Every structure is written in C-alpha cells, then in structure tokens.
>>> print(open('coords-v4.cif').read())   # mmCIF, C-alpha atoms and all ligand atoms
data_start
#
loop_
_atom_site.label_atom_id
_atom_site.label_comp_id
_atom_site.auth_asym_id
_atom_site.auth_seq_id
_atom_site.Cartn_x
_atom_site.Cartn_y
_atom_site.Cartn_z
CA MET Q 1 -22.24 -32.04 3.99
CA LEU Q 2 -19.44 -32.36 1.40
CA ALA Q 3 -16.34 -30.23 1.85
CA ASN Q 4 -16.38 -27.14 -0.36
CA LYS Q 5 -14.53 -27.66 -3.64
CA ILE Q 6 -13.18 -24.13 -3.56
CA HIS Q 7 -10.82 -23.44 -0.69
CA THR Q 8 -10.78 -19.70 -0.05
CA ARG Q 9 -8.21 -19.00 2.62
CA PHE Q 10 -9.24 -16.14 4.91
CA LEU Q 11 -6.85 -13.79 6.72
CA SER Q 12 -8.49 -11.43 9.19
CA ALA Q 13 -6.68 -8.31 10.41
CA GLU Q 14 -5.92 -10.08 13.68
CA ARG Q 15 -4.63 -13.22 11.94
CA ALA Q 16 -2.40 -11.18 9.60
CA ALA Q 17 -0.96 -9.26 12.56
CA ARG Q 18 -0.18 -12.52 14.39
CA MET Q 19 1.51 -13.90 11.29
CA ILE Q 20 3.72 -10.79 10.98
CA MET Q 21 4.59 -10.96 14.69
CA CYS Q 22 5.42 -14.62 14.35
CA GLN Q 23 7.67 -14.00 11.32
CA GLY Q 24 9.12 -10.77 12.76
CA LEU Q 25 8.50 -7.36 11.19
CA ALA Q 26 12.01 -6.87 9.82
CA THR Q 27 12.09 -10.33 8.21
CA SER Q 28 8.57 -9.80 6.82
CA LEU Q 29 9.66 -6.51 5.23
CA GLU Q 30 12.73 -8.12 3.74
CA ARG Q 31 10.75 -11.04 2.33
CA MET Q 32 8.05 -8.68 1.02
CA ALA Q 33 10.80 -6.70 -0.73
CA ASN Q 34 12.04 -9.91 -2.39
CA TYR Q 35 8.53 -10.73 -3.64
CA LEU Q 36 8.21 -7.16 -5.02
CA VAL Q 37 11.50 -7.31 -6.88
CA GLU Q 38 10.67 -10.76 -8.27
CA ASP Q 39 7.31 -9.54 -9.62
CA TYR Q 40 8.58 -6.15 -10.86
CA ARG Q 41 11.22 -8.02 -12.90
CA ARG Q 42 8.35 -9.88 -14.64
CA TRP Q 43 6.65 -6.55 -15.51
CA PRO Q 44 5.82 -7.34 -19.18
CA GLU Q 45 3.90 -10.47 -18.10
CA PHE Q 46 1.21 -8.46 -16.29
CA ASP Q 47 -2.06 -7.11 -17.62
CA LYS Q 48 -1.98 -3.59 -16.12
CA THR Q 49 -4.41 -0.71 -15.74
CA PRO Q 50 -4.53 2.47 -13.65
CA ARG Q 51 -6.72 1.95 -10.60
CA ILE Q 52 -10.40 2.80 -10.74
CA ALA Q 53 -11.26 5.64 -8.37
CA ALA Q 54 -14.56 6.88 -6.93
CA HIS Q 55 -13.96 10.38 -5.59
CA SER Q 56 -16.04 12.16 -2.96
CA VAL Q 57 -15.64 15.45 -1.10
CA ASP Q 58 -13.52 14.00 1.72
CA GLY Q 59 -11.83 11.03 0.13
CA VAL Q 60 -11.54 8.34 -2.48
CA ILE Q 61 -12.36 4.63 -2.78
CA GLU Q 62 -10.28 2.68 -5.28
CA LEU Q 63 -10.17 -0.73 -6.92
CA MET Q 64 -6.77 -1.99 -8.02
CA PRO Q 65 -6.84 -5.02 -10.36
CA ILE Q 66 -3.92 -6.83 -12.00
CA ALA Q 67 -3.26 -10.30 -13.47
CA ASP Q 68 -0.63 -12.47 -15.07
CA HIS Q 69 -1.34 -15.85 -16.68
CA ARG Q 70 -1.62 -17.59 -13.29
CA LEU Q 71 -3.00 -15.22 -10.70
CA TYR Q 72 -5.49 -12.37 -10.61
CA ALA Q 73 -5.44 -9.90 -7.70
CA PHE Q 74 -7.41 -6.88 -6.66
CA LYS Q 75 -7.35 -4.52 -3.71
CA TYR Q 76 -10.15 -2.37 -2.36
CA VAL Q 77 -8.64 0.68 -0.66
CA ASN Q 78 -9.81 4.06 0.53
CA GLY Q 79 -8.06 7.33 1.36
CA HIS Q 80 -9.93 9.64 3.75
CA PRO Q 81 -7.55 12.03 5.56
CA LYS Q 82 -10.39 13.26 7.83
CA ASN Q 83 -11.15 9.75 9.13
CA HIS Q 84 -9.12 10.28 12.31
CA ARG Q 85 -11.88 12.56 13.55
CA LEU Q 86 -14.22 9.56 13.36
CA GLY Q 87 -11.70 7.27 15.05
CA LEU Q 88 -11.01 5.50 11.74
CA SER Q 89 -7.83 4.94 9.74
CA THR Q 90 -7.08 7.17 6.74
CA VAL Q 91 -6.29 4.07 4.66
CA MET Q 92 -8.30 0.81 5.00
CA ALA Q 93 -8.05 -2.12 2.62
CA PHE Q 94 -8.76 -5.73 1.80
CA GLY Q 95 -7.99 -7.84 -1.23
CA VAL Q 96 -8.39 -11.07 -3.15
CA LEU Q 97 -6.09 -13.47 -4.96
CA ALA Q 98 -7.75 -15.71 -7.56
CA ASP Q 99 -6.78 -18.55 -9.85
CA VAL Q 100 -6.81 -17.32 -13.47
CA GLU Q 101 -7.46 -20.79 -14.90
CA SER Q 102 -10.75 -21.30 -13.07
CA GLY Q 103 -11.55 -17.84 -11.68
CA ALA Q 104 -11.79 -19.34 -8.18
CA PRO Q 105 -10.88 -16.94 -5.34
CA THR Q 106 -8.15 -18.65 -3.32
CA LEU Q 107 -7.40 -15.95 -0.74
CA ILE Q 108 -9.35 -13.11 0.80
CA SER Q 109 -7.26 -11.01 3.13
CA GLU Q 110 -7.10 -7.88 5.16
CA LEU Q 111 -4.78 -5.39 3.46
CA THR Q 112 -4.64 -2.43 5.83
CA LEU Q 113 -1.63 -3.68 7.78
CA THR Q 114 -0.32 -5.47 4.70
CA THR Q 115 -0.48 -2.24 2.64
CA ALA Q 116 1.71 -0.47 5.19
CA LEU Q 117 4.27 -3.29 4.90
CA ARG Q 118 4.22 -3.44 1.11
CA THR Q 119 4.41 0.37 0.76
CA ALA Q 120 7.39 0.51 3.11
CA ALA Q 121 9.09 -2.42 1.37
CA MET Q 122 8.50 -0.79 -2.05
CA SER Q 123 9.90 2.53 -0.80
CA ALA Q 124 13.02 0.76 0.46
CA VAL Q 125 13.41 -1.26 -2.75
CA ALA Q 126 13.33 1.99 -4.75
CA ALA Q 127 15.71 3.77 -2.37
CA ARG Q 128 18.13 0.84 -2.43
CA VAL Q 129 18.70 1.40 -6.16
CA LEU Q 130 18.32 5.20 -6.15
CA ALA Q 131 19.76 6.68 -2.97
CA ARG Q 132 23.48 7.32 -2.49
CA PRO Q 133 25.41 4.44 -0.97
CA ASN Q 134 25.96 4.45 2.81
CA CYS Q 135 22.95 6.61 3.70
CA GLN Q 136 22.52 7.04 7.44
CA ARG Q 137 19.84 9.63 8.16
CA MET Q 138 16.24 9.87 6.99
CA ALA Q 139 13.61 12.52 7.67
CA LEU Q 140 10.06 11.25 8.18
CA ILE Q 141 7.50 13.98 7.50
CA GLY Q 142 4.04 12.72 8.45
CA ASN Q 143 4.16 10.42 11.45
CA GLY Q 144 0.88 8.53 11.07
CA ALA Q 145 -0.01 4.90 10.35
CA GLN Q 146 2.60 4.28 7.63
CA SER Q 147 5.56 5.86 9.43
CA GLU Q 148 6.90 3.06 11.68
CA PHE Q 149 6.82 0.62 8.75
CA GLN Q 150 8.76 3.08 6.59
CA ALA Q 151 11.39 3.48 9.30
CA MET Q 152 11.72 -0.26 9.86
CA ALA Q 153 12.02 -1.01 6.13
CA PHE Q 154 14.73 1.63 5.63
CA ASN Q 155 16.56 0.35 8.67
CA ARG Q 156 16.46 -3.26 7.52
CA LEU Q 157 17.05 -2.78 3.78
CA LEU Q 158 19.37 0.27 3.76
CA GLY Q 159 20.85 0.34 7.24
CA ILE Q 160 19.37 3.77 8.08
CA ASP Q 161 19.60 4.16 11.83
CA GLU Q 162 18.78 7.80 12.53
CA PHE Q 163 15.37 9.35 11.93
CA HIS Q 164 14.36 13.03 11.97
CA LEU Q 165 10.67 13.36 12.75
CA PHE Q 166 8.06 16.03 12.07
CA ASP Q 167 4.27 16.04 11.97
CA THR Q 168 1.82 18.91 12.41
CA ASP Q 169 0.22 16.70 15.07
CA PRO Q 170 2.69 16.45 17.99
CA ASP Q 171 0.87 13.40 19.37
CA ALA Q 172 1.62 11.50 16.14
CA THR Q 173 5.33 12.31 16.48
CA GLU Q 174 5.25 11.32 20.15
CA LYS Q 175 3.74 7.95 19.17
CA LEU Q 176 6.30 7.38 16.39
CA GLN Q 177 9.23 8.34 18.60
CA ARG Q 178 8.01 5.99 21.34
CA ASN Q 179 7.58 3.08 18.89
CA LEU Q 180 10.93 3.59 17.13
CA THR Q 181 12.82 4.01 20.40
CA ARG Q 182 11.33 0.70 21.54
CA MET Q 183 12.73 -0.83 18.33
CA GLY Q 184 16.19 0.50 19.21
CA LEU Q 185 16.25 3.23 16.52
CA LYS Q 186 17.65 6.74 17.04
CA THR Q 187 15.15 9.57 16.63
CA CYS Q 188 15.15 13.33 16.87
CA ARG Q 189 12.04 15.56 16.86
CA PHE Q 190 11.83 18.87 15.00
CA ASP Q 191 9.42 21.82 15.00
CA ASN Q 192 9.06 22.07 11.23
CA THR Q 193 9.86 20.29 7.98
CA HIS Q 194 12.68 22.67 7.08
CA GLU Q 195 14.70 21.78 10.19
CA ALA Q 196 13.79 18.08 10.03
CA VAL Q 197 15.10 17.51 6.49
CA CYS Q 198 18.34 19.47 6.99
CA GLY Q 199 21.36 17.15 6.58
CA CYS Q 200 19.30 14.06 5.71
CA ASP Q 201 20.28 11.59 2.97
CA ILE Q 202 16.68 10.54 2.42
CA VAL Q 203 13.39 12.37 2.98
CA THR Q 204 10.13 10.42 3.22
CA THR Q 205 6.91 12.39 3.00
CA ALA Q 206 3.89 10.44 4.26
CA THR Q 207 1.39 13.17 5.00
CA ALA Q 208 -2.36 12.93 4.47
CA ASP Q 209 -4.27 16.01 3.38
CA LYS Q 210 -6.65 16.28 0.45
CA THR Q 211 -4.95 19.32 -0.99
CA ASN Q 212 -2.06 20.40 -3.21
CA ALA Q 213 0.31 20.79 -0.26
CA THR Q 214 3.91 21.96 -0.49
CA ILE Q 215 5.51 19.86 2.24
CA LEU Q 216 8.87 20.07 0.44
CA LEU Q 217 9.99 23.38 -1.07
CA PRO Q 218 13.00 23.82 -3.40
CA ASP Q 219 15.10 25.51 -0.71
CA MET Q 220 14.85 22.39 1.50
CA ILE Q 221 16.40 20.09 -1.11
CA GLU Q 222 20.11 19.32 -0.71
CA ALA Q 223 22.48 17.91 -3.33
CA GLY Q 224 22.29 14.12 -3.55
CA MET Q 225 19.08 13.74 -1.52
CA HIS Q 226 16.68 10.92 -2.29
CA ILE Q 227 13.03 11.88 -1.88
CA ASN Q 228 10.52 9.14 -1.15
CA ALA Q 229 7.17 10.88 -1.67
CA ILE Q 230 4.34 8.51 -0.77
CA GLY Q 231 1.53 10.79 0.45
CA GLY Q 232 0.55 12.45 -2.85
CA ASP Q 233 -1.54 9.69 -4.40
CA CYS Q 234 -4.77 11.15 -5.70
CA PRO Q 235 -5.88 13.98 -8.03
CA GLY Q 236 -5.68 17.25 -6.04
CA LYS Q 237 -3.51 15.61 -3.31
CA THR Q 238 0.22 16.30 -3.68
CA GLU Q 239 3.15 16.97 -1.33
CA LEU Q 240 5.98 18.48 -3.38
CA HIS Q 241 6.30 21.97 -4.77
CA ARG Q 242 6.37 21.47 -8.55
CA ASP Q 243 9.85 23.02 -8.80
CA VAL Q 244 11.21 20.20 -6.61
CA LEU Q 245 10.37 17.79 -9.44
CA GLU Q 246 12.51 19.90 -11.80
CA MET Q 247 15.49 19.55 -9.44
CA GLY Q 248 16.07 15.82 -9.96
CA LYS Q 249 15.28 12.63 -11.81
CA VAL Q 250 11.78 11.25 -11.22
CA PHE Q 251 10.98 7.53 -10.89
CA VAL Q 252 7.48 6.07 -10.87
CA GLU Q 253 5.72 2.74 -10.51
CA TYR Q 254 3.33 2.80 -13.50
CA GLU Q 255 3.46 5.98 -15.56
CA PRO Q 256 -0.20 6.07 -16.76
CA GLN Q 257 -1.43 5.95 -13.15
CA THR Q 258 1.16 8.32 -11.68
CA ARG Q 259 0.41 10.97 -14.32
CA ILE Q 260 -3.15 11.05 -12.91
CA GLU Q 261 -2.46 10.63 -9.18
CA GLY Q 262 1.15 11.40 -8.32
CA GLU Q 263 3.25 14.52 -7.92
CA LEU Q 264 3.46 14.25 -11.72
CA GLN Q 265 -0.09 15.58 -12.05
CA GLN Q 266 1.50 19.03 -11.66
CA MET Q 267 3.76 18.53 -14.68
CA PRO Q 268 3.20 18.59 -18.46
CA SER Q 269 2.56 15.21 -20.11
CA GLU Q 270 6.02 15.17 -21.72
CA PHE Q 271 7.85 15.59 -18.37
CA PRO Q 272 10.37 12.70 -18.38
CA VAL Q 273 10.12 9.83 -15.89
CA VAL Q 274 11.58 6.35 -15.53
CA GLU Q 275 9.47 3.36 -14.45
CA LEU Q 276 10.99 1.36 -11.61
CA TRP Q 277 10.79 -1.98 -13.40
CA GLN Q 278 13.18 -0.63 -16.04
CA LEU Q 279 15.65 0.12 -13.28
CA LEU Q 280 15.17 -3.25 -11.57
CA THR Q 281 15.74 -5.13 -14.84
CA GLY Q 282 18.78 -3.03 -15.79
CA GLN Q 283 16.99 -1.48 -18.80
CA ALA Q 284 17.40 2.05 -17.43
CA GLY Q 285 19.96 3.79 -15.29
CA GLY Q 286 19.27 5.34 -11.89
CA ARG Q 287 21.16 8.10 -10.14
CA GLY Q 288 23.58 10.04 -12.36
CA GLY Q 289 26.05 10.92 -9.61
CA ALA Q 290 26.47 11.57 -5.89
CA ASP Q 291 25.01 15.09 -6.16
CA GLU Q 292 21.97 14.23 -8.25
CA VAL Q 293 18.58 14.47 -6.54
CA THR Q 294 16.39 11.38 -7.05
CA ILE Q 295 12.64 11.36 -6.49
CA PHE Q 296 10.39 8.32 -6.09
CA ASP Q 297 6.89 9.62 -6.86
CA SER Q 298 5.05 6.73 -5.22
CA VAL Q 299 1.29 6.29 -5.50
CA GLY Q 300 0.98 2.55 -4.86
CA PHE Q 301 0.40 0.20 -7.78
CA ALA Q 302 -1.68 -2.99 -8.02
CA LEU Q 303 1.40 -5.13 -8.67
CA GLU Q 304 2.60 -4.34 -5.13
CA ASP Q 305 -0.62 -5.75 -3.72
CA TYR Q 306 -0.32 -8.80 -5.96
CA SER Q 307 3.15 -9.39 -4.44
CA ALA Q 308 1.87 -8.65 -0.94
CA LEU Q 309 -1.05 -11.08 -1.28
CA ARG Q 310 1.30 -13.71 -2.66
CA PHE Q 311 3.64 -13.22 0.31
CA MET Q 312 0.82 -13.40 2.86
CA ARG Q 313 -0.58 -16.55 1.20
CA ASP Q 314 2.82 -18.26 1.32
CA LEU Q 315 3.42 -17.15 4.90
CA ALA Q 316 -0.01 -18.51 5.91
CA ILE Q 317 0.86 -21.88 4.33
CA GLU Q 318 4.27 -21.94 6.06
CA LEU Q 319 2.72 -21.11 9.43
CA GLY Q 320 -0.09 -23.64 8.99
CA VAL Q 321 -2.90 -21.07 8.99
CA GLU Q 322 -5.87 -23.10 7.79
CA GLU Q 323 -8.87 -20.79 8.18
CA GLU Q 324 -11.18 -20.80 5.17
CA ILE Q 325 -14.52 -19.26 4.31
CA ALA Q 326 -17.21 -20.78 2.11
CA LEU Q 327 -17.42 -17.81 -0.23
CA ILE Q 328 -18.49 -19.72 -3.33
CA PRO Q 329 -21.42 -22.19 -3.24
CA ASP Q 330 -20.55 -25.87 -3.27
CA LEU Q 331 -22.75 -27.45 -5.95
CA SER Q 332 -22.93 -31.14 -6.84
CA ASP Q 333 -24.36 -30.04 -10.23
CA PRO Q 334 -22.81 -26.67 -11.19
CA LYS Q 335 -25.73 -26.01 -13.55
CA ASN Q 336 -28.21 -26.36 -10.72
CA LEU Q 337 -27.49 -23.20 -8.74
CA PHE Q 338 -31.20 -23.11 -7.99
CA GLY Q 339 -30.70 -26.33 -6.10
CA LEU Q 340 -29.12 -24.29 -3.30
CA ILE Q 341 -32.52 -22.89 -2.43
CA ALA Q 342 -34.59 -25.77 -3.76
CA GLY Q 343 -37.54 -27.03 -1.80
CA GLY Q 344 -39.85 -24.11 -2.31
CA VAL Q 345 -39.66 -20.38 -2.71
CA ARG Q 346 -42.98 -18.89 -1.72
CA PRO Q 347 -44.03 -15.33 -0.96
CA VAL Q 348 -45.41 -14.86 2.55
CA ARG Q 349 -46.91 -11.90 4.30
CA GLY Q 350 -44.22 -9.40 5.40
CA LYS Q 351 -41.45 -11.48 3.84
CA LEU Q 352 -40.16 -11.47 0.30
CA PHE Q 353 -39.06 -15.10 0.32
CA THR Q 354 -39.01 -18.01 2.64
CA LEU Q 355 -36.87 -20.98 1.82
CA SER Q 356 -37.86 -24.62 2.13
CA ASP Q 357 -38.53 -26.12 5.54
CA GLU Q 358 -35.37 -28.17 5.16
CA MET Q 359 -33.33 -24.99 4.58
CA GLY Q 360 -34.80 -23.66 7.80
CA ASP Q 361 -33.92 -20.23 9.00
CA LEU Q 362 -32.53 -18.49 5.93
CA SER Q 363 -35.52 -16.22 5.33
CA HIS Q 364 -35.14 -12.63 4.10
CA ALA Q 365 -37.17 -9.74 5.45
CA ALA Q 366 -38.77 -7.55 2.82
N1 LIG R 1 2.11 5.52 -2.08
C1 LIG R 1 1.53 4.50 -1.49
O1 LIG R 1 1.66 3.36 -1.91
C2 LIG R 1 0.73 4.76 -0.25
C3 LIG R 1 0.33 3.68 0.56
C4 LIG R 1 -0.34 3.94 1.75
C5 LIG R 1 -0.64 5.25 2.08
N2 LIG R 1 -0.29 6.27 1.24
C6 LIG R 1 -0.58 7.67 1.58
O2 LIG R 1 0.36 8.04 2.58
C7 LIG R 1 -0.21 9.06 3.40
C8 LIG R 1 -0.03 8.71 4.85
O3 LIG R 1 -0.84 7.60 5.15
P1 LIG R 1 -1.11 7.21 6.68
O4 LIG R 1 -1.88 5.94 6.64
O5 LIG R 1 0.15 7.27 7.45
O6 LIG R 1 -2.07 8.41 7.10
P2 LIG R 1 -2.30 9.01 8.57
O7 LIG R 1 -3.51 9.87 8.45
O8 LIG R 1 -2.30 7.93 9.58
O9 LIG R 1 -0.99 9.93 8.82
C9 LIG R 1 -0.76 11.09 8.10
C10 LIG R 1 -0.06 12.11 8.99
O10 LIG R 1 0.27 13.26 8.20
C11 LIG R 1 0.22 14.37 9.08
N3 LIG R 1 0.20 15.61 8.31
C12 LIG R 1 -0.83 16.13 7.57
N4 LIG R 1 -0.43 17.31 7.02
C13 LIG R 1 0.86 17.50 7.38
C14 LIG R 1 1.81 18.51 7.09
N5 LIG R 1 1.52 19.55 6.34
N6 LIG R 1 3.06 18.41 7.62
C15 LIG R 1 3.39 17.34 8.41
N7 LIG R 1 2.52 16.35 8.72
C16 LIG R 1 1.27 16.43 8.20
C17 LIG R 1 -1.03 14.10 9.90
O11 LIG R 1 -1.05 14.86 11.10
C18 LIG R 1 -0.93 12.60 10.15
O12 LIG R 1 -0.31 12.31 11.39
C19 LIG R 1 -1.66 9.20 2.96
O13 LIG R 1 -1.77 10.33 2.13
C20 LIG R 1 -1.93 7.93 2.18
O14 LIG R 1 -2.93 8.12 1.19
C21 LIG R 1 0.38 6.04 0.09
#
>>> encode(input="coords-v4.cif", output="structure tokens")
Amino acid sequence: MLANKIHTRFLSAERAARMIMCQGLATSLERMANYLVEDYRRWPEFDKTPRIAAHSVDGVIELMPIADHRLYAFKYVNGHPKNHRLGLSTVMAFGVLADVESGAPTLISELTLTTALRTAAMSAVAARVLARPNCQRMALIGNGAQSEFQAMAFNRLLGIDEFHLFDTDPDATEKLQRNLTRMGLKTCRFDNTHEAVCGCDIVTTATADKTNATILLPDMIEAGMHINAIGGDCPGKTELHRDVLEMGKVFVEYEPQTRIEGELQQMPSEFPVVELWQLLTGQAGGRGGADEVTIFDSVGFALEDYSALRFMRDLAIELGVEEEIALIPDLSDPKNLFGLIAGGVRPVRGKLFTLSDEMGDLSHAA
C-alpha cells in the first residue's frame, strides 16, 4: 500500500505528557508563553469569532475555531463542574491544526493537559505586564486540575515563590500542597478565601461551579492587587462580585467573547475593558500606578489553543515523535472516493452493507 499523502501527526494524552516531562514543565511553560506572545502580537492577522457553545443543565461543550493565512485550529472542550462525581475531569479537550492552503489536518492532539499549560502560561503573560513589579505572594483559590500549572507558571515567569491555598474541598488543597512542596515551592493553607488572599500581590481564582459565585468580595481586595480570574468562563458561571470589577482596570482576551462568558457578563455593554493584544503591542497602557487594582477576566480564547497546538507540534518534531494516523483517505484518483469501497456493495440479510471480498472484514451491522 502507498504511504498516505496526508501526514496527520497524532499526540495522545500519554504522548503529550511524556513530551512535557522530557522538555521539563517550567521550560514548557516558558516556551508556551513565548508562542502566546508571538501570536497575540499578530492579532489583526487572525480571523476571530467567539466560541460556539452547546449548553446543558450541568455543563457546556464548546468549539473554538481560529485561522490566519497559514494555519487553521480548533479545540473541542467541555466544562462540567459535577464531573468529579463521575470520576471525570471538569475540563477535557482535544484539537486540530490544519493547513489553510489545502485544508489538510496536520495535527490531532490531546488538549486537556495542554489547556492547563496554555491557560497558566496566558495567566502569567498577562500578570507579567499587569501586576506590580517584584510580586512575591499569590493566593490560589480553587485547587483543582489547573492549580499546579498556575503556580508553576507564576513561579517561572514572575518569580512568585509563596502560595496561599484555599479550596472548599480540603483534599484538593492537600493534593496541591503536596505537589507544590515536591516542586520546592512554599505553601500555606487557609480556612477561607478571606484569610488566603490577605497580603497577597496576586490572587488567582480557579474554581468550578456552574453558578454566579462571589469568590472575591470587595472587602477582600487590597490596593495594587492583580486578580487573575480564570474560573468564570460561561454564561451564569462567574467568580467575582460585580463591585470588584468597578474597583480596578479590566483586561480581556477577546472582548466579544468575554462579554458573553466572563465576569463582564455582569456589567453593562459600555463597561470599559482593554484587550490584551493592545497591551502586548504597546497600543494600550496597563497598570496606572502601584495602588491600582488590575483584573484579568480570563475565559480562554481560541488563539491560545492555536499557539498551544503550534508549540506541541514543534516540540513533537524536535523530540522526533513520529506517530501518525490515517485520518484522511489516501486516493490515487481523488475523484474516485467510491474506489475506497469498490468491488461491490450489496445488501445482505441482517447487514446494511458488505464490502467486496477483497476489502474483507469491514462490514457494518445494521
Ligand atoms: N480561563 C481559561 O482559559 C480556563 C481554562 C481552563 C479551565 N478554566 C476554568 O477554571 C476552573 C477550574 O478548572 P479545573 O480544571 O481546575 O477544575 P476542577 O474541577 O479540577 O477544580 C476546581 C476546584 O474549585 C473548587 N471550588 C469550587 N467552588 C469553590 C469555592 N466556592 N471556593 C473555593 N474552591 C471552590 C473545587 O472544590 C475544585 O477543587 C473551571 O471553572 C474551568 O472551567 C478556565
């Protein structure tokens, strides 16, 4: 048989994890951050749209497409805060990178682990330009799947080395404390959010609950704090009391999407925000002074997954990961798709189709 003309590289969850271990988590986060900044600086080149969401009682499933003139990317991702009861992750994802010129898919990859890395790298990229200089202490509210990656990214990109932890689930905090201690980071556990955020330069909220929660209240916010709010990312799912948004300057990834899904959904349509790309290209200013509160209302935008897929593709090439799947048929005559099943298609009792004898065992039950 001829080799397939379309080479679709495949990265399973296990393969992606091995690649990150091989590269090192801190280096991977730093490189991911560089890819993000590079792509965010090319913002006008991208064809952008808010993600397409299918809502249900307990969660949401979303498709996140984006393209420039060379590459098209999409991510499939869900958000089901009750999934832990079923032994499943709240957030699960996979994605595709395709060649715009031909439409050929060149990479299909897991994106559950990769999303945690890209979200953490994006949070740190935003904080690097928004938080006060020389930050040392960050509160992590919500100690689930994203939390270690957030801590590692802030440690690597901003030098944060002390983490205040709180989660309503003590086992989650126990797990986070164990993992961060193993990484050599200083941690301190607290009994509630109020105590955890006290005296922190940065507060990251990464909670999962399909409700308009008020994880951060106005009386918890201190002058000069940077708030990295990543858990409010869906209509009816927010983390900040609306008055917190009035206390500082709000920065977003892609305004049309954040108005629907972010903390911003609580605010009138004229509430002012700055898009991050403007900051990263020097077209807008960031923090006004040491006492100003800055808020990154993060929901996760398709461009971040484009960058993440690009990074994972390049890392796979560097590490010599060769695995491919034959996703697209290999046709000697592209107009003869039928030739794939040629040799006879005949209805038989109890079966809808049976293929030719030469094609053998590819029959479909009715
Ligand atoms: N902005 C982005 O780009 C982005 C990317 C990935 C995930 N997310 C969101 O981040 C959130 C966290 O994701 P995850 O994968 O870590 O989920 P997870 O379910 O693994 O962890 C969430 C944690 O929040 C805790 N929690 C819930 N309510 C709380 C409260 N009131 N106070 C303190 N802790 C509370 C839970 O006990 C749980 O341990 C989710 O809402 C997810 O949708 C956003």
>>> residues_near_ligand(input="coords-v4.cif", ligand="ligand LIG 1 (chain R)", cutoff="7 Å", atoms="all atoms listed in the file", output="ChimeraX atom specification")
/Q:79,81,84,89-91,115-116,119,141-147,166-169,172,206-209,213,215,230-233,298-301
>>> residues_around(input="coords-v4.cif", residues="Leu113 of chain Q", least_positions_apart="2", cutoff="8 Å", atoms="all atoms listed in the file", output="list in words")
Ala13, Ala16, Ala17, Glu110, Leu111, Thr115, Ala116 and Leu117 of chain Q
>>> closest_residue(input="coords-v4.cif", among="Q:Glu275, Q:Thr106, Q:Arg85, Q:Leu97", to="Asp68 of chain Q", atoms="all atoms listed in the file")
Q:Leu97
>>> closest_residue(input="coords-v4.cif", among="Q:Ala120, Q:Leu180, Q:Ala316, Q:Ile202", to="Ile160 of chain Q", atoms="all atoms listed in the file")
Q:Ile202
>>> closest_residue(input="coords-v4.cif", among="Q:Leu11, Q:Met92, Q:Cys135, Q:Ala302", to="Leu63 of chain Q", atoms="all atoms listed in the file")
Q:Ala302
>>> atom_distance(input="coords-v4.cif", atom1="atom CA of Asp243 of chain Q", atom2="atom CA of Phe271 of chain Q")
12.3 Å
>>> closest_residue(input="coords-v4.cif", among="Q:Asn179, Q:Thr49, Q:Asn155, Q:Ser109", to="Arg9 of chain Q", atoms="only C-alpha atoms")
Q:Ser109
>>> closest_residue(input="coords-v4.cif", among="Q:Gln266, Q:Thr27, Q:Asn336, Q:Asn83", to="Ala153 of chain Q", atoms="only C-alpha atoms")
Q:Thr27
>>> residues_around(input="coords-v4.cif", residues="segment 55-62 of chain Q", least_positions_apart="6", cutoff="6 Å", atoms="all atoms listed in the file", output="PyMOL selection string")
chain Q and resi 76-80
>>> closest_residue(input="coords-v4.cif", among="Q:Thr281, Q:Ile295, Q:Pro268, Q:Leu130", to="Thr204 of chain Q", atoms="all atoms listed in the file")
Q:Ile295
>>> residues_around(input="coords-v4.cif", residues="Gly285 of chain Q", least_positions_apart="4", cutoff="12 Å", atoms="all atoms listed in the file", output="list in words")
Val129, Leu130, Lys249, Val250, Phe251, Val273, Val274, Glu275, Leu276, Trp277, Gln278, Leu279, Leu280, Thr281, Gly289 and Thr294 of chain Q
>>> write_last_selection(input="coords-v4.cif", atoms="C-alpha atoms", output="mmCIF file, in the coordinates of the input")
data_model
loop_
_atom_site.group_PDB
_atom_site.id
_atom_site.type_symbol
_atom_site.label_atom_id
_atom_site.label_comp_id
_atom_site.auth_asym_id
_atom_site.auth_seq_id
_atom_site.Cartn_x
_atom_site.Cartn_y
_atom_site.Cartn_z
ATOM 1 C CA VAL Q 129 18.700 1.400 -6.160
ATOM 2 C CA LEU Q 130 18.320 5.200 -6.150
ATOM 3 C CA LYS Q 249 15.280 12.630 -11.810
ATOM 4 C CA VAL Q 250 11.780 11.250 -11.220
ATOM 5 C CA PHE Q 251 10.980 7.530 -10.890
ATOM 6 C CA VAL Q 273 10.120 9.830 -15.890
ATOM 7 C CA VAL Q 274 11.580 6.350 -15.530
ATOM 8 C CA GLU Q 275 9.470 3.360 -14.450
ATOM 9 C CA LEU Q 276 10.990 1.360 -11.610
ATOM 10 C CA TRP Q 277 10.790 -1.980 -13.400
ATOM 11 C CA GLN Q 278 13.180 -0.630 -16.040
ATOM 12 C CA LEU Q 279 15.650 0.120 -13.280
ATOM 13 C CA LEU Q 280 15.170 -3.250 -11.570
ATOM 14 C CA THR Q 281 15.740 -5.130 -14.840
ATOM 15 C CA GLY Q 289 26.050 10.920 -9.610
ATOM 16 C CA THR Q 294 16.390 11.380 -7.050
#
>>> residues_near_point(input="coords-v4.cif", point="(10.2, 21.1, 14.5)", cutoff="12 Å", atoms="all atoms listed in the file", output="PyMOL selection string")
chain Q and resi 139-141+164-170+173+188-198
>>> build_atoms(input="coords-v4.cif", residues="segment 99-110 of chain Q", atoms="N, CA and C atoms", output="CSV table (one decimal), keeping the file's coordinate frame")
chain,number,residue,atom,x,y,z
Q,99,ASP,N,-7.4,-17.7,-8.9
Q,99,ASP,CA,-6.8,-18.6,-9.8
Q,99,ASP,C,-7.3,-18.2,-11.3
Q,100,VAL,N,-6.4,-17.8,-12.1
Q,100,VAL,CA,-6.8,-17.3,-13.5
Q,100,VAL,C,-7.5,-18.4,-14.3
Q,101,GLU,N,-7.0,-19.7,-14.1
Q,101,GLU,CA,-7.5,-20.8,-14.9
Q,101,GLU,C,-8.9,-21.1,-14.7
Q,102,SER,N,-9.4,-21.0,-13.4
Q,102,SER,CA,-10.8,-21.3,-13.1
Q,102,SER,C,-11.5,-20.1,-12.6
Q,103,GLY,N,-10.9,-19.0,-12.2
Q,103,GLY,CA,-11.6,-17.8,-11.7
Q,103,GLY,C,-11.9,-18.0,-10.2
Q,104,ALA,N,-11.5,-19.1,-9.6
Q,104,ALA,CA,-11.8,-19.3,-8.2
Q,104,ALA,C,-11.0,-18.4,-7.3
Q,105,PRO,N,-11.6,-17.7,-6.3
Q,105,PRO,CA,-10.9,-16.9,-5.3
Q,105,PRO,C,-10.2,-17.9,-4.3
Q,106,THR,N,-8.9,-17.7,-4.2
Q,106,THR,CA,-8.2,-18.6,-3.3
Q,106,THR,C,-7.7,-18.0,-2.0
Q,107,LEU,N,-7.8,-16.7,-2.0
Q,107,LEU,CA,-7.4,-16.0,-0.7
Q,107,LEU,C,-8.2,-14.7,-0.7
Q,108,ILE,N,-8.8,-14.4,0.5
Q,108,ILE,CA,-9.4,-13.1,0.8
Q,108,ILE,C,-8.7,-12.6,2.1
Q,109,SER,N,-8.1,-11.4,2.0
Q,109,SER,CA,-7.3,-11.0,3.1
Q,109,SER,C,-7.5,-9.6,3.5
Q,110,GLU,N,-7.3,-9.3,4.7
Q,110,GLU,CA,-7.1,-7.9,5.2
Q,110,GLU,C,-5.9,-7.3,4.4
